[in-house]
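J.: protein_9.txt is reproduced in full below (compact mmCIF, C-alpha atoms).
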```txt
# COMPACT_ATOMS: atom_id res chain seq x y z
CA MET A 30 -4.43 136.27 88.92
CA PRO A 31 -3.92 138.85 86.14
CA ASP A 32 -1.99 136.18 84.24
CA ASP A 33 -4.81 133.73 84.65
CA ARG A 34 -7.25 136.26 83.40
CA ALA A 35 -5.11 137.15 80.39
CA ASN A 36 -4.77 133.43 79.71
CA ALA A 37 -8.50 132.91 79.94
CA GLU A 38 -9.07 135.80 77.57
CA THR A 39 -6.58 134.42 75.06
CA PHE A 40 -8.17 131.01 75.35
CA GLU A 41 -11.63 132.44 74.81
CA ALA A 42 -10.50 134.36 71.74
CA LEU A 43 -8.82 131.30 70.23
CA ALA A 44 -11.35 128.66 71.20
CA MET A 45 -14.74 130.26 70.57
CA PRO A 46 -14.39 130.48 66.78
CA LEU A 47 -13.76 126.70 66.77
CA LEU A 48 -17.03 125.90 68.51
CA ALA A 49 -19.14 125.30 65.41
CA PRO A 50 -16.61 123.09 63.55
CA LEU A 51 -15.73 121.16 66.71
CA TYR A 52 -19.39 120.57 67.43
CA ASN A 53 -20.02 119.43 63.88
CA PHE A 54 -17.09 117.00 64.13
CA ALA A 55 -18.25 115.78 67.57
CA HIS A 56 -21.75 115.17 66.24
CA TRP A 57 -20.37 113.14 63.35
CA LEU A 58 -18.32 111.05 65.76
CA THR A 59 -21.03 110.44 68.34
CA ARG A 60 -24.08 110.67 66.04
CA ASP A 61 -26.06 112.12 68.90
CA ARG A 62 -26.80 115.71 69.90
CA VAL A 63 -26.57 115.26 73.65
CA GLU A 64 -23.39 113.22 73.46
CA ALA A 65 -21.87 115.72 71.06
CA GLU A 66 -22.67 118.56 73.45
CA ASP A 67 -21.16 116.67 76.40
CA LEU A 68 -18.09 115.87 74.37
CA VAL A 69 -17.55 119.46 73.26
CA GLN A 70 -18.19 120.81 76.75
CA GLU A 71 -15.69 118.40 78.26
CA THR A 72 -13.18 119.34 75.58
CA TYR A 73 -13.48 123.04 76.39
CA VAL A 74 -13.20 122.45 80.12
CA LYS A 75 -10.11 120.25 79.70
CA ALA A 76 -8.53 122.62 77.19
CA LEU A 77 -9.05 125.66 79.40
CA LYS A 78 -7.56 123.79 82.36
CA GLY A 79 -4.61 122.61 80.33
CA PHE A 80 -4.16 125.81 78.37
CA SER A 81 -0.95 126.68 80.21
CA SER A 82 0.59 123.56 78.66
CA PHE A 83 -0.31 124.69 75.16
CA ARG A 84 2.79 126.02 73.42
CA PRO A 85 2.12 129.27 71.55
CA GLY A 86 3.16 129.03 67.95
CA THR A 87 1.98 125.45 67.60
CA ASN A 88 -1.35 124.65 65.98
CA PHE A 89 -4.13 125.48 68.43
CA ARG A 90 -6.83 123.97 66.23
CA ALA A 91 -5.01 120.63 66.02
CA TRP A 92 -4.52 120.76 69.79
CA MET A 93 -8.26 121.21 70.37
CA TYR A 94 -9.13 118.40 67.97
CA ARG A 95 -6.68 116.11 69.74
CA ILE A 96 -8.31 116.82 73.10
CA LEU A 97 -11.76 116.23 71.63
CA ARG A 98 -10.69 113.01 69.97
CA ASN A 99 -8.99 111.64 73.10
CA THR A 100 -12.05 112.54 75.15
CA PHE A 101 -14.24 110.77 72.63
CA LEU A 102 -12.10 107.63 72.70
CA THR A 103 -12.44 107.33 76.46
CA SER A 104 -16.16 108.13 76.43
CA ARG A 105 -18.84 105.49 76.51
CA SER A 106 -19.84 105.76 72.88
CA GLY A 107 -16.20 106.03 71.85
CA LEU A 108 -15.28 102.81 73.61
CA LYS A 109 -18.22 101.05 72.04
CA GLN A 110 -17.26 102.13 68.56
CA THR A 111 -13.51 101.79 68.48
CA VAL A 112 -12.61 98.43 67.23
CA SER A 113 -8.96 98.19 66.41
CA LEU A 114 -8.41 99.22 62.86
CA ASP A 115 -4.85 98.06 62.65
CA ASP A 116 -5.90 94.75 61.20
CA GLU A 117 -8.15 96.41 58.74
CA ASP A 118 -5.44 98.82 57.65
CA ASN A 119 -3.31 95.88 56.63
CA ALA A 120 -6.16 94.06 54.95
CA VAL A 121 -6.42 93.68 51.23
CA GLN A 122 -8.21 96.61 49.70
CA GLU A 123 -11.76 96.04 48.63
CA PRO A 124 -11.70 96.19 44.87
CA ALA A 125 -13.32 99.10 43.16
CA ALA A 126 -16.28 98.17 41.07
CA PRO A 127 -15.07 97.97 37.50
CA ASP A 128 -17.75 100.11 35.95
CA ASN A 129 -16.80 103.60 36.86
CA PRO A 130 -19.23 106.31 35.85
CA GLU A 131 -18.52 108.10 39.11
CA SER A 132 -19.49 111.52 37.98
CA LEU A 133 -22.89 110.05 37.28
CA LEU A 134 -22.91 108.39 40.68
CA PHE A 135 -22.36 111.63 42.58
CA ALA A 136 -24.69 113.55 40.39
CA GLN A 137 -27.42 111.19 41.51
CA ALA A 138 -26.42 111.08 45.16
CA ASP A 139 -27.82 114.10 46.93
CA GLU A 140 -26.61 115.59 50.19
CA GLN A 141 -28.91 113.40 52.26
CA GLU A 142 -27.55 110.26 50.69
CA LEU A 143 -23.98 111.39 51.14
CA ARG A 144 -24.65 112.10 54.79
CA ARG A 145 -26.31 108.76 55.28
CA ALA A 146 -23.43 106.94 53.62
CA LEU A 147 -20.91 108.81 55.76
CA ASP A 148 -22.97 107.95 58.80
CA GLN A 149 -22.84 104.25 57.96
CA LEU A 150 -19.06 104.11 57.78
CA PRO A 151 -17.11 102.71 60.74
CA VAL A 152 -16.09 105.59 62.97
CA ALA A 153 -12.38 105.46 62.02
CA HIS A 154 -13.28 105.77 58.33
CA ARG A 155 -15.77 108.53 58.97
CA GLU A 156 -13.24 110.35 61.10
CA ILE A 157 -10.40 110.28 58.61
CA ILE A 158 -12.60 111.47 55.75
CA LEU A 159 -13.86 114.36 57.89
CA LEU A 160 -10.37 115.34 59.01
CA CYS A 161 -9.11 115.38 55.44
CA ASP A 162 -12.04 116.67 53.40
CA VAL A 163 -13.97 118.82 55.86
CA GLU A 164 -11.29 120.01 58.29
CA GLU A 165 -8.76 120.09 55.45
CA MET A 166 -5.94 118.84 57.59
CA SER A 167 -2.73 117.63 55.96
CA TYR A 168 -1.75 113.95 56.12
CA LYS A 169 0.97 114.96 58.57
CA GLN A 170 -1.51 116.68 60.88
CA ILE A 171 -3.87 113.71 60.67
CA SER A 172 -1.01 111.33 61.35
CA GLU A 173 -0.10 113.25 64.51
CA LEU A 174 -3.70 113.59 65.61
CA VAL A 175 -4.73 109.98 65.09
CA GLY A 176 -1.34 108.57 66.02
CA ILE A 177 -0.69 106.53 62.87
CA PRO A 178 2.09 106.75 60.26
CA ILE A 179 1.53 108.92 57.20
CA GLY A 180 1.47 105.83 54.96
CA THR A 181 -1.40 104.45 57.03
CA VAL A 182 -3.24 107.78 56.75
CA MET A 183 -3.05 107.44 52.99
CA SER A 184 -4.17 103.82 52.85
CA ARG A 185 -6.93 104.27 55.45
CA LEU A 186 -8.24 107.31 53.61
CA SER A 187 -8.26 105.45 50.36
CA ARG A 188 -10.07 102.51 51.93
CA ALA A 189 -12.57 104.82 53.61
CA ARG A 190 -13.33 106.58 50.34
CA GLN A 191 -13.73 103.28 48.55
CA ALA A 192 -16.19 102.15 51.21
CA MET A 193 -18.04 105.42 50.78
CA ARG A 194 -18.25 104.92 47.02
CA ASN A 195 -19.54 101.40 47.45
CA LEU A 196 -22.24 102.58 49.87
CA LEU A 197 -23.29 105.31 47.48
CA ARG A 198 -23.34 102.89 44.59
CA GLU A 199 -25.62 100.59 46.55
CA ARG A 200 -27.90 103.47 47.38
CA VAL A 201 -28.08 104.77 43.87
CA HIS A 202 -28.16 101.56 41.88
CA GLY A 203 -29.94 99.35 44.38
CA VAL A 204 -28.26 96.56 46.29
CA SER A 205 -26.66 94.79 43.36
CA ARG A 206 -23.58 96.32 41.94
CA MET B 24 3.18 105.09 30.45
CA THR B 25 2.49 103.55 33.85
CA CYS B 26 -0.77 104.29 35.55
CA PHE B 27 -1.01 105.37 39.17
CA PRO B 28 -2.92 103.51 41.90
CA ALA B 29 -6.09 105.14 43.25
CA ASP B 30 -4.53 106.17 46.58
CA LYS B 31 -1.77 108.07 44.75
CA ILE B 32 -4.34 109.87 42.66
CA GLU B 33 -6.24 110.78 45.82
CA ALA B 34 -3.04 111.97 47.51
CA TYR B 35 -2.48 114.15 44.45
CA LEU B 36 -5.95 115.66 44.86
CA ASP B 37 -5.25 116.16 48.58
CA ASN B 38 -2.10 118.10 47.60
CA GLU B 39 0.06 115.59 49.36
CA LEU B 40 2.48 114.46 46.65
CA ALA B 41 6.09 115.62 46.65
CA ALA B 42 6.95 118.15 43.94
CA GLN B 43 8.51 115.67 41.52
CA GLU B 44 5.69 113.14 41.82
CA ASP B 45 3.12 115.91 41.61
CA ARG B 46 4.54 117.03 38.26
CA GLU B 47 4.58 113.48 36.94
CA MET B 48 0.98 113.01 37.98
CA SER B 49 -0.14 116.23 36.28
CA GLN B 50 1.52 115.15 33.06
CA HIS B 51 0.10 111.66 33.29
CA LEU B 52 -3.45 112.86 33.94
CA ALA B 53 -3.27 115.07 30.89
CA SER B 54 -2.70 112.09 28.65
CA CYS B 55 -4.29 109.08 30.40
CA HIS B 56 -8.02 108.92 30.01
CA SER B 57 -8.58 106.21 32.59
CA CYS B 58 -6.57 107.88 35.40
CA ALA B 59 -8.17 111.22 34.55
CA ALA B 60 -11.62 109.66 34.96
CA THR B 61 -10.63 108.21 38.34
CA ALA B 62 -9.28 111.59 39.42
CA PHE B 63 -12.42 113.31 38.27
CA GLY B 64 -14.61 110.93 40.30
CA SER B 65 -12.42 111.23 43.38
CA ARG B 66 -12.42 114.97 43.21
CA LYS B 67 -16.18 114.98 42.91
CA LEU B 68 -16.49 112.75 45.98
CA LYS B 69 -14.11 114.96 47.96
CA LEU B 70 -16.07 118.11 47.15
CA SER B 71 -19.44 116.46 47.72
CA VAL B 72 -18.37 115.22 51.13
CA LYS B 73 -17.15 118.65 52.10
CA ARG B 74 -20.40 120.22 51.03
CA ALA B 75 -22.61 117.62 52.70
CA ALA B 76 -20.70 117.25 55.96
CA SER B 77 -19.25 120.70 56.68
CA SER B 78 -22.07 122.23 58.59
CA ALA B 79 -24.41 119.30 58.87
CA PHE B 80 -24.77 119.90 62.60
CA ALA B 81 -24.81 123.30 64.23
CA PRO B 82 -24.61 123.93 67.95
CA SER B 83 -27.82 125.38 69.41
CA ALA B 84 -27.85 128.96 70.67
CA GLU B 85 -28.30 127.72 74.25
CA PHE B 86 -25.35 125.39 73.94
CA GLN B 87 -23.18 128.14 72.51
CA ALA B 88 -24.16 130.35 75.42
CA ARG B 89 -23.33 127.54 77.85
CA ILE B 90 -19.84 127.08 76.40
CA ARG B 91 -19.31 130.82 76.28
CA ARG B 92 -20.15 131.09 79.95
CA SER B 93 -17.87 128.23 80.86
CA VAL B 94 -14.83 129.77 79.16
CA ALA B 95 -15.51 133.46 79.78
CA PRO B 96 -12.95 135.00 82.08
CA ARG B 97 -14.36 135.82 85.51
CA SER B 98 -17.58 134.03 84.67
CA LYS B 99 -19.68 132.52 87.40
CA SER B 100 -18.68 128.96 86.62
CA PHE B 101 -15.21 129.84 87.84
CA TRP B 102 -16.71 130.16 91.29
CA LEU B 103 -18.59 126.90 91.20
CA PRO B 104 -16.02 124.12 90.92
CA GLY B 105 -16.20 123.33 94.60
CA LEU B 106 -16.61 124.27 98.17
CA ILE B 107 -12.88 124.68 98.67
CA PHE B 108 -12.62 127.24 95.97
CA ALA B 109 -15.72 129.02 97.20
CA THR B 110 -14.35 129.17 100.71
CA ALA B 111 -11.02 130.48 99.47
CA ALA B 112 -12.82 133.07 97.42
CA LEU B 113 -14.84 134.13 100.44
CA ALA B 114 -11.68 134.48 102.52
CA LEU B 115 -10.14 136.57 99.76
CA ALA B 116 -13.22 138.72 99.58
CA PHE B 117 -12.89 139.52 103.29
CA ALA B 118 -9.17 140.04 103.13
CA PHE B 119 -9.50 142.47 100.29
CA ALA B 120 -12.69 144.18 101.30
CA VAL B 121 -11.39 147.41 99.85
CA VAL B 122 -10.73 145.81 96.51
CA ALA B 123 -14.18 144.30 96.57
CA LEU B 124 -15.65 147.79 96.62
CA ARG B 125 -14.21 148.53 93.22
CA PRO B 126 -16.32 148.33 90.06
CA HIS B 127 -18.65 145.45 90.27
CA PRO B 128 -18.69 142.67 87.68
CA ALA B 129 -22.45 143.22 87.49
CA SER B 130 -21.65 145.79 84.83
CA GLN B 131 -19.87 143.05 82.86
CA ASP B 132 -22.90 140.85 83.35
CA LEU B 133 -25.02 143.50 81.70
CA LEU B 134 -22.85 143.41 78.58
CA ALA B 135 -22.83 139.61 78.56
CA GLU B 136 -26.61 139.65 79.01
CA ALA B 137 -27.02 142.07 76.11
CA THR B 138 -24.81 139.88 73.92
CA ASP B 139 -26.82 136.78 74.82
CA MET B 140 -30.11 138.53 74.10
CA HIS B 141 -28.81 139.79 70.78
CA VAL B 142 -27.84 136.23 69.75
CA ALA B 143 -31.09 134.80 71.09
CA ALA B 144 -33.18 137.35 69.18
CA LEU B 145 -31.40 136.59 65.92
CA ALA B 146 -31.83 132.87 66.45
CA SER B 147 -35.49 133.28 67.29
CA THR B 148 -38.17 132.67 64.69
CA THR B 149 -39.79 135.94 65.74
CA PRO B 150 -36.83 138.25 66.26
CA VAL B 151 -39.01 141.34 66.50
CA ASP B 152 -42.49 142.03 67.88
CA VAL B 153 -43.00 145.14 65.84
CA VAL B 154 -41.76 144.87 62.31
CA SER B 155 -41.23 148.18 60.67
CA THR B 156 -38.58 150.20 58.96
CA ASP B 157 -40.37 153.35 59.99
CA ARG B 158 -39.25 154.97 63.22
CA HIS B 159 -42.62 156.66 63.43
CA THR B 160 -44.19 153.22 63.79
CA VAL B 161 -41.63 151.62 66.04
CA LYS B 162 -41.36 154.36 68.64
CA PRO B 163 -45.12 154.65 69.36
CA TRP B 164 -45.34 150.85 69.67
CA PHE B 165 -43.31 151.08 72.87
CA GLU B 166 -45.55 153.78 74.35
CA GLY B 167 -47.49 152.35 77.26
CA ARG B 168 -45.19 149.36 77.27
CA LEU B 169 -42.23 151.21 78.74
CA PRO B 170 -42.04 153.70 81.60
CA PHE B 171 -39.87 156.00 79.50
CA THR B 172 -39.55 157.25 75.96
CA PHE B 173 -36.61 157.64 73.61
CA ASP B 174 -35.80 159.10 70.24
CA LEU B 175 -34.75 157.24 67.13
CA PRO B 176 -32.37 158.74 64.59
CA ASP B 177 -33.19 159.60 61.04
CA LEU B 178 -31.42 156.94 58.99
CA GLN B 179 -32.11 158.33 55.56
CA ASN B 180 -28.57 159.37 54.80
CA SER B 181 -26.90 156.39 56.41
CA GLU B 182 -26.26 152.76 55.53
CA PHE B 183 -28.32 151.61 58.48
CA ARG B 184 -31.92 150.47 58.29
CA LEU B 185 -34.41 149.84 61.06
CA ILE B 186 -35.79 146.30 61.13
CA GLY B 187 -38.04 146.41 64.16
CA GLY B 188 -38.23 146.20 67.92
CA ARG B 189 -39.20 144.03 70.85
CA MET B 190 -39.49 144.23 74.61
CA ALA B 191 -36.38 143.24 76.55
CA TYR B 192 -35.39 143.03 80.19
CA LEU B 193 -31.95 144.25 81.18
CA SER B 194 -31.08 143.23 84.73
CA GLN B 195 -34.81 142.91 85.42
CA SER B 196 -35.76 146.38 84.26
CA PRO B 197 -38.01 146.69 81.24
CA GLY B 198 -36.40 148.08 78.14
CA ALA B 199 -36.53 148.24 74.39
CA GLN B 200 -34.52 146.13 72.02
CA LEU B 201 -34.30 147.70 68.58
CA ILE B 202 -32.86 145.76 65.69
CA PHE B 203 -31.05 147.56 62.91
CA GLY B 204 -29.45 146.17 59.80
CA ILE B 205 -26.30 147.13 57.98
CA ARG B 206 -25.19 145.18 54.93
CA LYS B 207 -25.75 141.57 56.03
CA HIS B 208 -25.28 142.23 59.74
CA GLN B 209 -27.80 142.97 62.42
CA ILE B 210 -27.30 145.26 65.33
CA SER B 211 -29.25 145.25 68.59
CA VAL B 212 -29.73 148.43 70.55
CA PHE B 213 -30.93 148.03 74.12
CA ILE B 214 -32.42 150.98 75.96
CA ALA B 215 -33.41 150.81 79.64
CA GLN B 216 -33.63 153.16 82.58
CA GLU B 217 -30.31 153.76 84.26
CA ASN B 218 -30.06 151.97 87.60
CA ARG B 219 -27.48 151.23 90.24
CA GLU B 220 -26.46 147.97 88.60
CA PHE B 221 -25.31 149.80 85.51
CA ALA B 222 -23.63 152.66 87.36
CA PRO B 223 -20.11 151.12 87.33
CA LEU B 224 -20.16 151.36 83.54
CA GLY B 225 -19.99 155.15 83.90
CA ALA B 226 -21.96 157.70 81.96
CA GLY B 227 -19.48 158.26 79.15
CA SER B 228 -19.34 156.10 76.08
CA ARG B 229 -17.21 152.96 76.29
CA THR B 230 -16.58 150.17 73.86
CA GLU B 231 -15.83 146.51 74.41
CA GLN B 232 -15.25 143.36 72.47
CA LYS B 233 -16.81 140.14 73.62
CA LEU B 234 -16.40 136.93 71.65
CA ASN B 235 -16.03 138.88 68.45
CA PHE B 236 -19.11 140.92 69.20
CA ASN B 237 -18.53 144.64 69.35
CA LEU B 238 -20.32 146.61 72.03
CA GLU B 239 -20.73 150.24 72.89
CA THR B 240 -22.57 151.54 75.92
CA TRP B 241 -23.31 154.95 77.39
CA SER B 242 -25.78 156.74 79.57
CA ASP B 243 -27.83 159.71 78.49
CA HIS B 244 -30.62 161.56 80.27
CA GLY B 245 -31.19 158.69 82.69
CA LEU B 246 -31.26 156.02 80.00
CA ARG B 247 -28.67 153.29 79.51
CA TYR B 248 -27.88 152.36 75.91
CA VAL B 249 -26.09 149.17 74.84
CA VAL B 250 -25.29 148.55 71.17
CA VAL B 251 -24.22 144.99 70.22
CA SER B 252 -23.33 143.46 66.88
CA ASP B 253 -21.00 141.14 65.02
CA THR B 254 -20.36 143.90 62.51
CA THR B 255 -17.28 146.13 62.77
CA MET B 256 -16.60 148.42 65.69
CA ALA B 257 -16.73 151.31 63.22
CA ASP B 258 -20.35 150.42 62.36
CA VAL B 259 -21.23 150.09 66.04
CA ASN B 260 -19.66 153.49 66.76
CA ALA B 261 -21.43 155.05 63.80
CA LEU B 262 -24.88 153.83 64.87
CA SER B 263 -24.15 154.84 68.46
CA GLY B 264 -23.25 158.32 67.23
CA LEU B 265 -26.53 158.56 65.33
CA LEU B 266 -28.48 157.46 68.39
CA ARG B 267 -26.78 160.02 70.59
CA THR B 268 -27.74 162.83 68.26
CA ALA B 269 -31.31 161.61 67.73
CA ARG B 270 -33.87 164.32 68.31
CA PRO B 271 -37.64 164.09 68.53
CA PRO B 272 -38.86 164.03 64.95
CA SER B 273 -40.98 166.85 63.67
CA TRP B 274 -44.16 164.94 62.94
```
Now that the file is in, can you turn its structure into structure tokens?
T.:
Amino acid sequence: MPDDRANAETFEALAMPLLAPLYNFAHWLTRDRVEAEDLVQETYVKALKGFSSFRPGTNFRAWMYRILRNTFLTSRSGLKQTVSLDDEDNAVQEPAAPDNPESLLFAQADEQELRRALDQLPVAHREIILLCDVEEMSYKQISELVGIPIGTVMSRLSRARQAMRNLLRERVHGVSR
Amino acid sequence: MTCFPADKIEAYLDNELAAQEDREMSQHLASCHSCAATAFGSRKLKLSVKRAASSAFAPSAEFQARIRRSVAPRSKSFWLPGLIFATAALALAFAFAVVALRPHPASQDLLAEATDMHVAALASTTPVDVVSTDRHTVKPWFEGRLPFTFDLPDLQNSEFRLIGGRMAYLSQSPGAQLIFGIRKHQISVFIAQENREFAPLGAGSRTEQKLNFNLETWSDHGLRYVVVSDTTMADVNALSGLLRTARPPSW
């Protein structure tokens, strides 16, 4: 029992500081408060149960995100949203609009518009942008977490960002572009 | 001069290019207006996304408390997973009756309760019922509301400031919650009459860390004090020291 207790204490110390970022990520994935709470709760319960299998010295944060992501994928809303992206990853890239005053574009897009655009992206695009830009994970970490090759991380990210730009452009300049 | 595709430029901004390629990109961006403009736009998007999405959604105080309870060692939820576990626990309790007589986790509950109340008060839109930096205002406010009285320290020569106070219930007994500030942190001080529930904590001062909150508790003249804050243990100890030496003010 003392081992269990020490384990639980270590887990608590490692896991509690991740609550806010994990919740934020979960909310972005599920787009719903209650579902985000359920997802995070389930993640913590699973992680605590499986904590003995966590290898000290490896990245605890990445481990927690992996559990959260896997839980999401098997959840109701996760199943609804995950269409295979493999085809899309191989698809021809949507061309960037030729006119490119992007600094102007983002100067005009406020936080609300950015959030709305991010919200409109397919979940796999939203996810990869969040992992890279908000969670600041490396391509290698993302590749391990999402289970895709590093080259695919790069192309999916690029496609996701292009989609984001196009959405913002539509918002700022009206539907025509 | 060959230009780079957009995904390479983005990988450069994500710090993901190998050293050689990274150097080439830096040199290229310094001389190519078109790639530099793309890089500028991409960087702007990256930063804007981070700013807009980072803390777009925050967990509620109740939810945080729920998670905290579910992962806290020896928390009640450990005893709930099922009848089997409960039965086993009961058997253990009988088998080790002697052990069961040792310090009761109720004392731990008190500290957890104090931590929860501290967080709840800070999250509340009305964290204090009596707002005053003057101890001569705050102390009399509790008169008639509490079955005991206490002294507040003179803070003039310290970094601490009094923010206000509110009524609080510690293990069902009425008490005072005083909120102090230091730098950008807030500290809650709970004062209630000593009772059997708190006895296992002992009279002497003891400190604990819970979820990055620092706590100090002691008993003095029949009153139980609990100091909780996210500031450093040194601050918590310092305020506790001031409280212990507080004397009735000369009015």
J.: As a PyMOL selection string, could you give me every residue of chain A near chain B (at most 7 Å apart, counting all atoms listed in the file)?
T.: chain A and resi 34+37-38+41-42+45+49+52-53+56+70+131-132+135+140+143-144+162-163+183-184+187
J.: Those residues with C-alpha atoms, as an mmCIF file, in the coordinates of the input please?
T.:
```
data_model
loop_
_atom_site.group_PDB
_atom_site.id
_atom_site.type_symbol
_atom_site.label_atom_id
_atom_site.label_comp_id
_atom_site.auth_asym_id
_atom_site.auth_seq_id
_atom_site.Cartn_x
_atom_site.Cartn_y
_atom_site.Cartn_z
ATOM 1 C CA ARG A 34 -7.250 136.260 83.400
ATOM 2 C CA ALA A 37 -8.500 132.910 79.940
ATOM 3 C CA GLU A 38 -9.070 135.800 77.570
ATOM 4 C CA GLU A 41 -11.630 132.440 74.810
ATOM 5 C CA ALA A 42 -10.500 134.360 71.740
ATOM 6 C CA MET A 45 -14.740 130.260 70.570
ATOM 7 C CA ALA A 49 -19.140 125.300 65.410
ATOM 8 C CA TYR A 52 -19.390 120.570 67.430
ATOM 9 C CA ASN A 53 -20.020 119.430 63.880
ATOM 10 C CA HIS A 56 -21.750 115.170 66.240
ATOM 11 C CA GLN A 70 -18.190 120.810 76.750
ATOM 12 C CA GLU A 131 -18.520 108.100 39.110
ATOM 13 C CA SER A 132 -19.490 111.520 37.980
ATOM 14 C CA PHE A 135 -22.360 111.630 42.580
ATOM 15 C CA GLU A 140 -26.610 115.590 50.190
ATOM 16 C CA LEU A 143 -23.980 111.390 51.140
ATOM 17 C CA ARG A 144 -24.650 112.100 54.790
ATOM 18 C CA ASP A 162 -12.040 116.670 53.400
ATOM 19 C CA VAL A 163 -13.970 118.820 55.860
ATOM 20 C CA MET A 183 -3.050 107.440 52.990
ATOM 21 C CA SER A 184 -4.170 103.820 52.850
ATOM 22 C CA SER A 187 -8.260 105.450 50.360
#
```
J.: To one decimal place, how far is atom CA of Lys169 of chain A from atom CA of Tyr35 of chain B in Å?
T.: 14.6 Å
J.: For a quick check of understanding, using all atoms listed in the file, which of B:Phe27, B:Phe183, B:Leu40, B:Lys162 has the smallest distance to Tyr168 of chain A?
T.: B:Leu40
J.: Have a look at atom CA of Ser167 of chain A and atom CA of Leu186 of chain A and let me know their distance in Å, one decimal.
T.: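 Taking atom CA of Ser167 of chain A as the start and atom CA of Leu186 of chain A as the end point, the length is 11.9 Å.
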J.: Please indicate the distance in Å from atom CA of Ile214 of chain B to atom CA of Asp174 of chain B, rounded to one decimal place.
T.: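 Spanning atom CA of Ile214 of chain B to atom CA of Asp174 of chain B is a straight-line distance of 10.5 Å.
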J.: Counting only C-alpha atoms, which of A:Ile179, A:Ala91, A:Leu97, A:Leu196 gets nearest to Lys75 of chain A?
T.: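 Smallest separation from Lys75 of chain A among the options: A:Leu97.
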J.: So which residues touch segment 145-149 of chain B within 12 Å, counting all atoms listed in the file, skipping near sequence neighbours fewer than 4 positions away, as a list in words?
T.: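 Residues meeting the cut-off are Pro82, Ser83, Ala84, Glu85, Gln87, Thr138, Asp139, Met140, His141, Val153, Val154, Ile186, Gly187, Gly188, Arg189, Gln200, Leu201, Ile202, Phe203, Gly204, His208, Gln209, Ile210, Ser211, Val251, Ser252 and Asp253 of chain B.
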J.: Please determine, counting all atoms listed in the file, which residue among A:Gly86, A:Pro151, A:Gly79, A:Gly176 has the shortest atom-to-atom distance to Asp33 of chain A.
T.: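 Among the listed residues, the smallest separation from Asp33 of chain A belongs to A:Gly79.
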J.: Just checking: using only C-alpha atoms, which residue out of B:Ala41, B:Ala144, B:Cys58, B:Ala199 ends up closest to Pro163 of chain B?
T.: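 Looking only at the distances to Pro163 of chain B, the closest residue turns out to be B:Ala199.
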J.: Which of these, A:Asp148, A:Pro85, A:Trp92, A:Phe40, has the shortest distance to Asp61 of chain A once you count only C-alpha atoms?
T.: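 Result for the nearest residue to Asp61 of chain A: A:Asp148.
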J.: Rank nothing, just name the residue among A:Thr181, A:Asn99, A:Ser82, A:Asn195 nearest to Asn36 of chain A, using only C-alpha atoms.
T.: A:Ser82
